[in-house]
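**Q** Input file: input24.cif. Contents: mmCIF, N, CA and C atoms.
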data_run
#
loop_
_atom_site.label_atom_id
_atom_site.label_comp_id
_atom_site.auth_asym_id
_atom_site.auth_seq_id
_atom_site.Cartn_x
_atom_site.Cartn_y
_atom_site.Cartn_z
N MET A 1 15.90 -9.67 10.54
CA MET A 1 15.23 -9.80 9.26
C MET A 1 16.23 -9.49 8.16
N LYS A 2 16.39 -10.41 7.26
CA LYS A 2 17.32 -10.21 6.17
C LYS A 2 16.77 -9.19 5.19
N GLY A 3 17.61 -8.22 4.87
CA GLY A 3 17.21 -7.21 3.91
C GLY A 3 16.40 -6.07 4.48
N SER A 4 16.05 -6.12 5.75
CA SER A 4 15.29 -5.02 6.33
C SER A 4 16.24 -3.84 6.58
N ARG A 5 15.65 -2.66 6.65
CA ARG A 5 16.46 -1.46 6.84
C ARG A 5 15.69 -0.46 7.69
N ARG A 6 16.37 0.10 8.67
CA ARG A 6 15.74 1.13 9.50
C ARG A 6 15.65 2.43 8.71
N GLY A 7 14.60 3.17 9.00
CA GLY A 7 14.42 4.45 8.34
C GLY A 7 13.29 5.22 8.98
N TYR A 8 12.72 6.15 8.24
CA TYR A 8 11.67 7.03 8.75
C TYR A 8 10.60 7.18 7.68
N TRP A 9 9.34 7.04 8.09
CA TRP A 9 8.23 7.26 7.19
C TRP A 9 7.70 8.66 7.47
N CYS A 10 7.70 9.51 6.45
CA CYS A 10 7.33 10.91 6.58
C CYS A 10 6.04 11.15 5.80
N GLU A 11 5.14 11.91 6.40
CA GLU A 11 3.90 12.25 5.73
C GLU A 11 3.59 13.72 5.94
N CYS A 12 2.86 14.29 4.98
CA CYS A 12 2.36 15.65 5.09
C CYS A 12 0.84 15.57 4.93
N TRP A 13 0.13 16.07 5.94
CA TRP A 13 -1.32 16.04 5.96
C TRP A 13 -1.86 17.47 5.99
N THR A 14 -3.00 17.69 5.35
CA THR A 14 -3.67 18.98 5.44
C THR A 14 -5.09 18.75 5.93
N GLU A 15 -5.58 19.76 6.65
CA GLU A 15 -6.98 19.69 7.08
C GLU A 15 -7.55 21.09 7.22
N ASP A 16 -8.82 21.21 6.93
CA ASP A 16 -9.54 22.46 7.12
C ASP A 16 -10.00 22.48 8.57
N VAL A 17 -9.53 23.44 9.35
CA VAL A 17 -9.85 23.47 10.77
C VAL A 17 -11.27 23.93 11.05
N THR A 18 -11.97 24.44 10.04
CA THR A 18 -13.35 24.90 10.24
C THR A 18 -14.38 23.82 9.90
N GLU A 19 -13.95 22.74 9.28
CA GLU A 19 -14.87 21.67 8.91
C GLU A 19 -14.54 20.40 9.67
N HIS A 20 -15.52 19.54 9.79
CA HIS A 20 -15.33 18.28 10.52
C HIS A 20 -15.10 17.13 9.54
N ARG A 21 -14.06 17.30 8.75
CA ARG A 21 -13.67 16.25 7.80
C ARG A 21 -12.33 15.69 8.22
N ARG A 22 -12.05 14.51 7.73
CA ARG A 22 -10.77 13.88 8.03
C ARG A 22 -9.65 14.61 7.29
N PRO A 23 -8.45 14.64 7.89
CA PRO A 23 -7.31 15.23 7.17
C PRO A 23 -7.03 14.48 5.88
N ALA A 24 -6.43 15.16 4.93
CA ALA A 24 -6.08 14.56 3.63
C ALA A 24 -4.56 14.41 3.54
N LEU A 25 -4.13 13.24 3.09
CA LEU A 25 -2.70 13.00 2.87
C LEU A 25 -2.27 13.76 1.63
N LEU A 26 -1.29 14.65 1.79
CA LEU A 26 -0.81 15.45 0.67
C LEU A 26 0.43 14.84 0.03
N ALA A 27 1.33 14.30 0.86
CA ALA A 27 2.57 13.73 0.34
C ALA A 27 3.16 12.77 1.36
N SER A 28 4.01 11.87 0.89
CA SER A 28 4.73 10.97 1.78
C SER A 28 6.14 10.77 1.23
N PHE A 29 7.03 10.34 2.11
CA PHE A 29 8.43 10.25 1.74
C PHE A 29 9.09 9.20 2.63
N ASP A 30 9.93 8.36 2.04
CA ASP A 30 10.68 7.39 2.84
C ASP A 30 12.12 7.89 2.97
N ALA A 31 12.54 8.12 4.20
CA ALA A 31 13.88 8.61 4.49
C ALA A 31 14.66 7.51 5.18
N TYR A 32 15.95 7.48 4.95
CA TYR A 32 16.76 6.43 5.55
C TYR A 32 17.66 6.94 6.66
N THR A 33 17.67 8.27 6.88
CA THR A 33 18.43 8.85 7.99
C THR A 33 17.59 9.95 8.62
N ALA A 34 17.88 10.26 9.89
CA ALA A 34 17.18 11.34 10.57
C ALA A 34 17.41 12.69 9.86
N PRO A 35 18.64 13.01 9.45
CA PRO A 35 18.84 14.27 8.72
C PRO A 35 18.02 14.35 7.43
N GLN A 36 17.91 13.23 6.73
CA GLN A 36 17.13 13.21 5.49
C GLN A 36 15.65 13.46 5.79
N ALA A 37 15.16 12.90 6.89
CA ALA A 37 13.75 13.06 7.25
C ALA A 37 13.44 14.50 7.64
N ASP A 38 14.24 15.09 8.54
CA ASP A 38 13.92 16.46 8.94
C ASP A 38 14.22 17.45 7.83
N ARG A 39 15.12 17.12 6.92
CA ARG A 39 15.39 17.99 5.76
C ARG A 39 14.17 18.06 4.85
N TRP A 40 13.44 16.94 4.73
CA TRP A 40 12.23 16.92 3.90
C TRP A 40 11.23 17.95 4.41
N VAL A 41 11.05 18.01 5.73
CA VAL A 41 10.14 18.99 6.32
C VAL A 41 10.71 20.39 6.15
N ALA A 42 12.01 20.56 6.40
CA ALA A 42 12.64 21.88 6.30
C ALA A 42 12.50 22.46 4.90
N VAL A 43 12.73 21.66 3.88
CA VAL A 43 12.62 22.14 2.50
C VAL A 43 11.17 22.57 2.22
N ALA A 44 10.21 21.79 2.67
CA ALA A 44 8.81 22.14 2.46
C ALA A 44 8.47 23.45 3.17
N LEU A 45 8.90 23.60 4.42
CA LEU A 45 8.59 24.82 5.16
C LEU A 45 9.25 26.05 4.53
N ARG A 46 10.50 25.90 4.11
CA ARG A 46 11.17 27.03 3.46
C ARG A 46 10.47 27.41 2.15
N THR A 47 9.99 26.39 1.44
CA THR A 47 9.34 26.63 0.16
C THR A 47 8.01 27.36 0.32
N ILE A 48 7.21 26.97 1.31
CA ILE A 48 5.87 27.56 1.45
C ILE A 48 5.84 28.79 2.34
N SER A 49 6.88 29.04 3.13
CA SER A 49 6.82 30.13 4.11
C SER A 49 6.49 31.50 3.51
N PRO A 50 6.98 31.84 2.31
CA PRO A 50 6.61 33.16 1.77
C PRO A 50 5.11 33.32 1.51
N ALA A 51 4.41 32.21 1.30
CA ALA A 51 2.97 32.27 1.01
C ALA A 51 2.11 32.19 2.26
N LEU A 52 2.72 31.91 3.41
CA LEU A 52 1.95 31.77 4.65
C LEU A 52 1.63 33.12 5.25
N ASP A 53 0.55 33.16 6.06
CA ASP A 53 0.27 34.38 6.81
C ASP A 53 1.37 34.57 7.85
N ALA A 54 1.40 35.74 8.49
CA ALA A 54 2.51 36.09 9.38
C ALA A 54 2.68 35.09 10.53
N ASP A 55 1.58 34.68 11.17
CA ASP A 55 1.69 33.75 12.30
C ASP A 55 2.22 32.39 11.86
N ALA A 56 1.71 31.89 10.75
CA ALA A 56 2.16 30.59 10.26
C ALA A 56 3.62 30.66 9.81
N SER A 57 3.99 31.75 9.16
CA SER A 57 5.38 31.91 8.74
C SER A 57 6.31 31.98 9.94
N ASP A 58 5.89 32.71 11.00
CA ASP A 58 6.70 32.76 12.22
C ASP A 58 6.86 31.37 12.83
N ALA A 59 5.77 30.59 12.86
CA ALA A 59 5.83 29.23 13.41
C ALA A 59 6.77 28.35 12.58
N ALA A 60 6.71 28.51 11.27
CA ALA A 60 7.58 27.73 10.38
C ALA A 60 9.04 28.06 10.65
N TRP A 61 9.37 29.35 10.73
CA TRP A 61 10.76 29.73 10.94
C TRP A 61 11.23 29.42 12.36
N GLU A 62 10.32 29.44 13.32
CA GLU A 62 10.69 29.04 14.68
C GLU A 62 11.12 27.57 14.70
N TRP A 63 10.36 26.72 13.98
CA TRP A 63 10.76 25.31 13.91
C TRP A 63 12.09 25.18 13.17
N LEU A 64 12.25 25.92 12.07
CA LEU A 64 13.48 25.81 11.30
C LEU A 64 14.71 26.21 12.12
N TYR A 65 14.57 27.23 12.97
CA TYR A 65 15.71 27.69 13.76
C TYR A 65 15.90 26.93 15.06
N ASP A 66 14.81 26.58 15.74
CA ASP A 66 14.92 25.96 17.06
C ASP A 66 14.36 24.53 17.12
N GLY A 67 13.16 24.35 16.61
CA GLY A 67 12.48 23.07 16.73
C GLY A 67 13.12 21.93 15.95
N ARG A 68 13.81 22.27 14.91
CA ARG A 68 14.43 21.23 14.08
C ARG A 68 15.44 20.40 14.87
N PHE A 69 16.15 21.04 15.78
CA PHE A 69 17.13 20.30 16.60
C PHE A 69 16.43 19.30 17.51
N GLU A 70 15.30 19.70 18.09
CA GLU A 70 14.54 18.78 18.95
C GLU A 70 13.97 17.63 18.13
N THR A 71 13.51 17.94 16.93
CA THR A 71 13.00 16.89 16.05
C THR A 71 14.10 15.88 15.74
N ARG A 72 15.26 16.37 15.39
CA ARG A 72 16.39 15.48 15.06
C ARG A 72 16.75 14.61 16.26
N ARG A 73 16.80 15.22 17.45
CA ARG A 73 17.12 14.44 18.66
C ARG A 73 16.09 13.35 18.91
N ALA A 74 14.81 13.68 18.75
CA ALA A 74 13.75 12.70 18.94
C ALA A 74 13.91 11.55 17.94
N LEU A 75 14.17 11.86 16.69
CA LEU A 75 14.32 10.83 15.66
C LEU A 75 15.51 9.92 15.96
N LEU A 76 16.59 10.51 16.41
CA LEU A 76 17.78 9.72 16.72
C LEU A 76 17.55 8.81 17.94
N ARG A 77 16.55 9.16 18.78
CA ARG A 77 16.17 8.30 19.90
C ARG A 77 15.02 7.36 19.50
N SER A 78 14.73 7.28 18.20
CA SER A 78 13.65 6.44 17.66
C SER A 78 12.27 6.85 18.17
N LYS A 79 12.07 8.13 18.33
CA LYS A 79 10.78 8.68 18.74
C LYS A 79 10.16 9.40 17.54
N PRO A 80 8.84 9.33 17.39
CA PRO A 80 8.19 10.05 16.30
C PRO A 80 8.19 11.55 16.56
N SER A 81 7.98 12.31 15.51
CA SER A 81 7.96 13.77 15.64
C SER A 81 6.89 14.34 14.72
N THR A 82 6.31 15.46 15.15
CA THR A 82 5.27 16.13 14.38
C THR A 82 5.56 17.62 14.33
N VAL A 83 5.33 18.22 13.17
CA VAL A 83 5.48 19.66 12.98
C VAL A 83 4.20 20.15 12.32
N SER A 84 3.59 21.20 12.89
CA SER A 84 2.35 21.74 12.31
C SER A 84 2.41 23.26 12.21
N VAL A 85 1.80 23.77 11.16
CA VAL A 85 1.56 25.21 11.02
C VAL A 85 0.11 25.37 10.55
N THR A 86 -0.52 26.45 10.98
CA THR A 86 -1.89 26.72 10.55
C THR A 86 -1.91 28.03 9.81
N HIS A 87 -2.33 27.96 8.57
CA HIS A 87 -2.45 29.13 7.68
C HIS A 87 -3.93 29.34 7.41
N GLU A 88 -4.46 30.45 7.90
CA GLU A 88 -5.88 30.75 7.78
C GLU A 88 -6.69 29.57 8.30
N GLN A 89 -7.46 28.86 7.46
CA GLN A 89 -8.25 27.73 7.95
C GLN A 89 -7.59 26.38 7.69
N THR A 90 -6.37 26.38 7.21
CA THR A 90 -5.71 25.12 6.84
C THR A 90 -4.56 24.81 7.79
N ARG A 91 -4.63 23.63 8.39
CA ARG A 91 -3.52 23.15 9.21
C ARG A 91 -2.72 22.17 8.36
N ILE A 92 -1.42 22.38 8.30
CA ILE A 92 -0.51 21.49 7.58
C ILE A 92 0.35 20.79 8.63
N THR A 93 0.36 19.48 8.60
CA THR A 93 1.08 18.71 9.61
C THR A 93 2.01 17.71 8.93
N TRP A 94 3.26 17.76 9.34
CA TRP A 94 4.25 16.78 8.89
C TRP A 94 4.50 15.81 10.04
N THR A 95 4.45 14.53 9.74
CA THR A 95 4.76 13.52 10.75
C THR A 95 5.96 12.72 10.27
N ILE A 96 6.81 12.35 11.22
CA ILE A 96 7.97 11.51 10.92
C ILE A 96 7.97 10.39 11.94
N ARG A 97 7.94 9.14 11.48
CA ARG A 97 7.92 8.00 12.38
C ARG A 97 9.06 7.05 12.04
N PRO A 98 9.76 6.57 13.06
CA PRO A 98 10.78 5.54 12.80
C PRO A 98 10.08 4.26 12.35
N VAL A 99 10.65 3.61 11.35
CA VAL A 99 10.08 2.38 10.81
C VAL A 99 11.20 1.42 10.43
N ILE A 100 10.80 0.22 10.14
CA ILE A 100 11.71 -0.75 9.53
C ILE A 100 11.15 -1.07 8.15
N PHE A 101 11.91 -0.73 7.12
CA PHE A 101 11.49 -1.01 5.76
C PHE A 101 11.81 -2.46 5.44
N LEU A 102 10.83 -3.18 4.95
CA LEU A 102 11.01 -4.58 4.56
C LEU A 102 11.15 -4.67 3.05
N PRO A 103 11.99 -5.56 2.57
CA PRO A 103 12.12 -5.70 1.12
C PRO A 103 10.85 -6.33 0.54
N LEU A 104 10.50 -5.90 -0.64
CA LEU A 104 9.34 -6.49 -1.31
C LEU A 104 9.78 -7.74 -2.06
N ALA A 105 8.85 -8.67 -2.20
CA ALA A 105 9.14 -9.88 -2.96
C ALA A 105 9.28 -9.53 -4.43
N HIS A 106 10.24 -10.13 -5.08
CA HIS A 106 10.46 -9.90 -6.50
C HIS A 106 9.45 -10.73 -7.28
N ARG A 107 8.69 -10.11 -8.18
CA ARG A 107 7.60 -10.82 -8.87
C ARG A 107 8.00 -11.41 -10.21
N GLN A 108 9.16 -11.07 -10.74
CA GLN A 108 9.52 -11.62 -12.04
C GLN A 108 9.71 -13.13 -11.91
N GLY A 109 9.10 -13.81 -12.82
CA GLY A 109 9.23 -15.26 -12.83
C GLY A 109 8.33 -15.95 -11.83
N ALA A 110 7.55 -15.21 -11.08
CA ALA A 110 6.65 -15.81 -10.09
C ALA A 110 5.29 -16.05 -10.75
N GLU A 111 4.69 -17.13 -10.41
CA GLU A 111 3.36 -17.46 -10.92
C GLU A 111 2.32 -16.82 -10.02
N LEU A 112 1.47 -15.98 -10.60
CA LEU A 112 0.42 -15.34 -9.82
C LEU A 112 -0.71 -16.33 -9.58
N PRO A 113 -1.44 -16.17 -8.47
CA PRO A 113 -2.59 -17.05 -8.22
C PRO A 113 -3.67 -16.79 -9.27
N ALA A 114 -4.51 -17.78 -9.50
CA ALA A 114 -5.55 -17.68 -10.52
C ALA A 114 -6.46 -16.49 -10.31
N CYS A 115 -6.75 -16.15 -9.06
CA CYS A 115 -7.67 -15.04 -8.79
C CYS A 115 -7.12 -13.70 -9.27
N ALA A 116 -5.81 -13.60 -9.49
CA ALA A 116 -5.22 -12.34 -9.96
C ALA A 116 -5.75 -11.96 -11.33
N TYR A 117 -6.16 -12.95 -12.12
CA TYR A 117 -6.64 -12.69 -13.47
C TYR A 117 -8.14 -12.42 -13.51
N ASP A 118 -8.83 -12.57 -12.37
CA ASP A 118 -10.27 -12.30 -12.30
C ASP A 118 -10.57 -10.81 -12.21
N PHE A 119 -9.61 -10.01 -11.79
CA PHE A 119 -9.83 -8.57 -11.60
C PHE A 119 -9.91 -7.89 -12.96
N LYS A 120 -10.96 -7.14 -13.14
CA LYS A 120 -11.15 -6.38 -14.37
C LYS A 120 -11.30 -4.90 -14.00
N PRO A 121 -10.32 -4.06 -14.35
CA PRO A 121 -10.43 -2.63 -14.01
C PRO A 121 -11.65 -2.01 -14.66
N GLN A 122 -12.27 -1.07 -13.92
CA GLN A 122 -13.44 -0.36 -14.45
C GLN A 122 -13.12 1.12 -14.49
N ALA A 123 -13.75 1.80 -15.42
CA ALA A 123 -13.57 3.26 -15.50
C ALA A 123 -14.20 3.89 -14.27
N PRO A 124 -13.59 4.95 -13.73
CA PRO A 124 -14.17 5.61 -12.56
C PRO A 124 -15.53 6.19 -12.89
N GLN A 125 -16.44 6.17 -11.92
CA GLN A 125 -17.78 6.72 -12.08
C GLN A 125 -17.73 8.21 -11.86
N ALA A 126 -18.47 8.95 -12.63
CA ALA A 126 -18.54 10.41 -12.47
C ALA A 126 -19.27 10.73 -11.18
N ALA A 127 -18.80 11.76 -10.47
CA ALA A 127 -19.45 12.21 -9.24
C ALA A 127 -20.70 12.98 -9.58
N ASP A 128 -21.72 12.85 -8.74
CA ASP A 128 -22.96 13.58 -8.98
C ASP A 128 -22.86 15.01 -8.57
#
Could I get this structure in the form of structure tokens?
**A**
Amino acid sequence: MKGSRRGYWCECWTEDVTEHRRPALLASFDAYTAPQADRWVAVALRTISPALDADASDAAWEWLYDGRFETRRALLRSKPSTVSVTHEQTRITWTIRPVIFLPLAHRQGAELPACAYDFKPQAPQAAD
């Protein structure tokens, strides 16, 4: 594929472990190297570790010291990787998946289809 590029799609999800709701996407990041991908998780863990309870902080630092090498090895073998810590009732999970980034079509000078002009944005409705 012309213009495609290998990389890693990284996401951070949070979920309340006491409720039966779907996890919420907190952040995402496109990395182009394995070191860049695991660094994204490492920076996040180092940043939040002082605010975590003792068990979650220990889990974070265990990954930073030991688990990070396994994550990097998995990524270099084109395998996905997941890192999770649970702080009180909140589980935070980082996922890293190997992907192929495709170039987007350039829209300047392109004629949009007629239906593109039918869309009329509406103001969001207030929640009850």
**Q** Give me the result of the PyMOL selection byres (((chain A and resi 93 and name CA) around 7) and name CA) on this file, residue by residue, as a count of residues only.
**A** 11
**Q** For Leu64 (chain A), find every residue with an atom within 8 Å (counting all atoms listed in the file), except residues of its own chain fewer than 3 positions away, and show them as an mmCIF file with N, CA and C atoms, in the coordinates of the input.
**A**
data_model
loop_
_atom_site.group_PDB
_atom_site.id
_atom_site.type_symbol
_atom_site.label_atom_id
_atom_site.label_comp_id
_atom_site.auth_asym_id
_atom_site.auth_seq_id
_atom_site.Cartn_x
_atom_site.Cartn_y
_atom_site.Cartn_z
ATOM 1 N N VAL A 41 11.050 18.010 5.730
ATOM 2 C CA VAL A 41 10.140 18.990 6.320
ATOM 3 C C VAL A 41 10.710 20.390 6.150
ATOM 4 N N ALA A 42 12.010 20.560 6.400
ATOM 5 C CA ALA A 42 12.640 21.880 6.300
ATOM 6 C C ALA A 42 12.500 22.460 4.900
ATOM 7 N N LEU A 45 8.900 23.600 4.420
ATOM 8 C CA LEU A 45 8.590 24.820 5.160
ATOM 9 C C LEU A 45 9.250 26.050 4.530
ATOM 10 N N ARG A 46 10.500 25.900 4.110
ATOM 11 C CA ARG A 46 11.170 27.030 3.460
ATOM 12 C C ARG A 46 10.470 27.410 2.150
ATOM 13 N N ASP A 58 5.890 32.710 11.000
ATOM 14 C CA ASP A 58 6.700 32.760 12.220
ATOM 15 C C ASP A 58 6.860 31.370 12.830
ATOM 16 N N ALA A 59 5.770 30.590 12.860
ATOM 17 C CA ALA A 59 5.830 29.230 13.410
ATOM 18 C C ALA A 59 6.770 28.350 12.580
ATOM 19 N N ALA A 60 6.710 28.510 11.270
ATOM 20 C CA ALA A 60 7.580 27.730 10.380
ATOM 21 C C ALA A 60 9.040 28.060 10.650
ATOM 22 N N TRP A 61 9.370 29.350 10.730
ATOM 23 C CA TRP A 61 10.760 29.730 10.940
ATOM 24 C C TRP A 61 11.230 29.420 12.360
ATOM 25 N N GLY A 67 13.160 24.350 16.610
ATOM 26 C CA GLY A 67 12.480 23.070 16.730
ATOM 27 C C GLY A 67 13.120 21.930 15.950
ATOM 28 N N ARG A 68 13.810 22.270 14.910
ATOM 29 C CA ARG A 68 14.430 21.230 14.080
ATOM 30 C C ARG A 68 15.440 20.400 14.870
ATOM 31 N N PHE A 69 16.150 21.040 15.780
ATOM 32 C CA PHE A 69 17.130 20.300 16.600
ATOM 33 C C PHE A 69 16.430 19.300 17.510
#
**Q** Considering all atoms listed in the file, can you say which of A:Glu70, A:Glu11, A:Glu62, A:Asp53 comes closest to Ser28 (chain A)?
**A**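 The answer is A:Glu11, which sits nearest to Ser28 (chain A).
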**Q** Decode the PyMOL selection byres ((chain A and resi 89) around 5) for the given file into explicit residues and return them as a ChimeraX atom specification.
**A** /A:16-17,87-88,90-91
**Q** Could you write those residues out with N, CA and C atoms, as an mmCIF file, in the coordinates of the input?
**A**
data_model
loop_
_atom_site.group_PDB
_atom_site.id
_atom_site.type_symbol
_atom_site.label_atom_id
_atom_site.label_comp_id
_atom_site.auth_asym_id
_atom_site.auth_seq_id
_atom_site.Cartn_x
_atom_site.Cartn_y
_atom_site.Cartn_z
ATOM 1 N N ASP A 16 -8.820 21.210 6.930
ATOM 2 C CA ASP A 16 -9.540 22.460 7.120
ATOM 3 C C ASP A 16 -10.000 22.480 8.570
ATOM 4 N N VAL A 17 -9.530 23.440 9.350
ATOM 5 C CA VAL A 17 -9.850 23.470 10.770
ATOM 6 C C VAL A 17 -11.270 23.930 11.050
ATOM 7 N N HIS A 87 -2.330 27.960 8.570
ATOM 8 C CA HIS A 87 -2.450 29.130 7.680
ATOM 9 C C HIS A 87 -3.930 29.340 7.410
ATOM 10 N N GLU A 88 -4.460 30.450 7.900
ATOM 11 C CA GLU A 88 -5.880 30.750 7.780
ATOM 12 C C GLU A 88 -6.690 29.570 8.300
ATOM 13 N N THR A 90 -6.370 26.380 7.210
ATOM 14 C CA THR A 90 -5.710 25.120 6.840
ATOM 15 C C THR A 90 -4.560 24.810 7.790
ATOM 16 N N ARG A 91 -4.630 23.630 8.390
ATOM 17 C CA ARG A 91 -3.520 23.150 9.210
ATOM 18 C C ARG A 91 -2.720 22.170 8.360
#
**Q** Assign secondary structure with DSSP using the backbone only, and return the residues of region 10-105 of chain A in strand (DSSP E) as a PyMOL selection string.
**A** chain A and resi 10-16+24-31+81-87+90-101
**Q** Those same residues, written as an mmCIF file, in the coordinates of the input with N, CA and C atoms?
**A**
data_model
loop_
_atom_site.group_PDB
_atom_site.id
_atom_site.type_symbol
_atom_site.label_atom_id
_atom_site.label_comp_id
_atom_site.auth_asym_id
_atom_site.auth_seq_id
_atom_site.Cartn_x
_atom_site.Cartn_y
_atom_site.Cartn_z
ATOM 1 N N CYS A 10 7.700 9.510 6.450
ATOM 2 C CA CYS A 10 7.330 10.910 6.580
ATOM 3 C C CYS A 10 6.040 11.150 5.800
ATOM 4 N N GLU A 11 5.140 11.910 6.400
ATOM 5 C CA GLU A 11 3.900 12.250 5.730
ATOM 6 C C GLU A 11 3.590 13.720 5.940
ATOM 7 N N CYS A 12 2.860 14.290 4.980
ATOM 8 C CA CYS A 12 2.360 15.650 5.090
ATOM 9 C C CYS A 12 0.840 15.570 4.930
ATOM 10 N N TRP A 13 0.130 16.070 5.940
ATOM 11 C CA TRP A 13 -1.320 16.040 5.960
ATOM 12 C C TRP A 13 -1.860 17.470 5.990
ATOM 13 N N THR A 14 -3.000 17.690 5.350
ATOM 14 C CA THR A 14 -3.670 18.980 5.440
ATOM 15 C C THR A 14 -5.090 18.750 5.930
ATOM 16 N N GLU A 15 -5.580 19.760 6.650
ATOM 17 C CA GLU A 15 -6.980 19.690 7.080
ATOM 18 C C GLU A 15 -7.550 21.090 7.220
ATOM 19 N N ASP A 16 -8.820 21.210 6.930
ATOM 20 C CA ASP A 16 -9.540 22.460 7.120
ATOM 21 C C ASP A 16 -10.000 22.480 8.570
ATOM 22 N N ALA A 24 -6.430 15.160 4.930
ATOM 23 C CA ALA A 24 -6.080 14.560 3.630
ATOM 24 C C ALA A 24 -4.560 14.410 3.540
ATOM 25 N N LEU A 25 -4.130 13.240 3.090
ATOM 26 C CA LEU A 25 -2.700 13.000 2.870
ATOM 27 C C LEU A 25 -2.270 13.760 1.630
ATOM 28 N N LEU A 26 -1.290 14.650 1.790
ATOM 29 C CA LEU A 26 -0.810 15.450 0.670
ATOM 30 C C LEU A 26 0.430 14.840 0.030
ATOM 31 N N ALA A 27 1.330 14.300 0.860
ATOM 32 C CA ALA A 27 2.570 13.730 0.340
ATOM 33 C C ALA A 27 3.160 12.770 1.360
ATOM 34 N N SER A 28 4.010 11.870 0.890
ATOM 35 C CA SER A 28 4.730 10.970 1.780
ATOM 36 C C SER A 28 6.140 10.770 1.230
ATOM 37 N N PHE A 29 7.030 10.340 2.110
ATOM 38 C CA PHE A 29 8.430 10.250 1.740
ATOM 39 C C PHE A 29 9.090 9.200 2.630
ATOM 40 N N ASP A 30 9.930 8.360 2.040
ATOM 41 C CA ASP A 30 10.680 7.390 2.840
ATOM 42 C C ASP A 30 12.120 7.890 2.970
ATOM 43 N N ALA A 31 12.540 8.120 4.200
ATOM 44 C CA ALA A 31 13.880 8.610 4.490
ATOM 45 C C ALA A 31 14.660 7.510 5.180
ATOM 46 N N SER A 81 7.980 12.310 15.510
ATOM 47 C CA SER A 81 7.960 13.770 15.640
ATOM 48 C C SER A 81 6.890 14.340 14.720
ATOM 49 N N THR A 82 6.310 15.460 15.150
ATOM 50 C CA THR A 82 5.270 16.130 14.380
ATOM 51 C C THR A 82 5.560 17.620 14.330
ATOM 52 N N VAL A 83 5.330 18.220 13.170
ATOM 53 C CA VAL A 83 5.480 19.660 12.980
ATOM 54 C C VAL A 83 4.200 20.150 12.320
ATOM 55 N N SER A 84 3.590 21.200 12.890
ATOM 56 C CA SER A 84 2.350 21.740 12.310
ATOM 57 C C SER A 84 2.410 23.260 12.210
ATOM 58 N N VAL A 85 1.800 23.770 11.160
ATOM 59 C CA VAL A 85 1.560 25.210 11.020
ATOM 60 C C VAL A 85 0.110 25.370 10.550
ATOM 61 N N THR A 86 -0.520 26.450 10.980
ATOM 62 C CA THR A 86 -1.890 26.720 10.550
ATOM 63 C C THR A 86 -1.910 28.030 9.810
ATOM 64 N N HIS A 87 -2.330 27.960 8.570
ATOM 65 C CA HIS A 87 -2.450 29.130 7.680
ATOM 66 C C HIS A 87 -3.930 29.340 7.410
ATOM 67 N N THR A 90 -6.370 26.380 7.210
ATOM 68 C CA THR A 90 -5.710 25.120 6.840
ATOM 69 C C THR A 90 -4.560 24.810 7.790
ATOM 70 N N ARG A 91 -4.630 23.630 8.390
ATOM 71 C CA ARG A 91 -3.520 23.150 9.210
ATOM 72 C C ARG A 91 -2.720 22.170 8.360
ATOM 73 N N ILE A 92 -1.420 22.380 8.300
ATOM 74 C CA ILE A 92 -0.510 21.490 7.580
ATOM 75 C C ILE A 92 0.350 20.790 8.630
ATOM 76 N N THR A 93 0.360 19.480 8.600
ATOM 77 C CA THR A 93 1.080 18.710 9.610
ATOM 78 C C THR A 93 2.010 17.710 8.930
ATOM 79 N N TRP A 94 3.260 17.760 9.340
ATOM 80 C CA TRP A 94 4.250 16.780 8.890
ATOM 81 C C TRP A 94 4.500 15.810 10.040
ATOM 82 N N THR A 95 4.450 14.530 9.740
ATOM 83 C CA THR A 95 4.760 13.520 10.750
ATOM 84 C C THR A 95 5.960 12.720 10.270
ATOM 85 N N ILE A 96 6.810 12.350 11.220
ATOM 86 C CA ILE A 96 7.970 11.510 10.920
ATOM 87 C C ILE A 96 7.970 10.390 11.940
ATOM 88 N N ARG A 97 7.940 9.140 11.480
ATOM 89 C CA ARG A 97 7.920 8.000 12.380
ATOM 90 C C ARG A 97 9.060 7.050 12.040
ATOM 91 N N PRO A 98 9.760 6.570 13.060
ATOM 92 C CA PRO A 98 10.780 5.540 12.800
ATOM 93 C C PRO A 98 10.080 4.260 12.350
ATOM 94 N N VAL A 99 10.650 3.610 11.350
ATOM 95 C CA VAL A 99 10.080 2.380 10.810
ATOM 96 C C VAL A 99 11.200 1.420 10.430
ATOM 97 N N ILE A 100 10.800 0.220 10.140
ATOM 98 C CA ILE A 100 11.710 -0.750 9.530
ATOM 99 C C ILE A 100 11.150 -1.070 8.150
ATOM 100 N N PHE A 101 11.910 -0.730 7.120
ATOM 101 C CA PHE A 101 11.490 -1.010 5.760
ATOM 102 C C PHE A 101 11.810 -2.460 5.440
#
**Q** Work out how far apart CA of Glu15 (chain A) and CA of Ala27 (chain A) are and give it in Å to one decimal.
**A**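 Computing it gives 13.1 Å between the two atoms.
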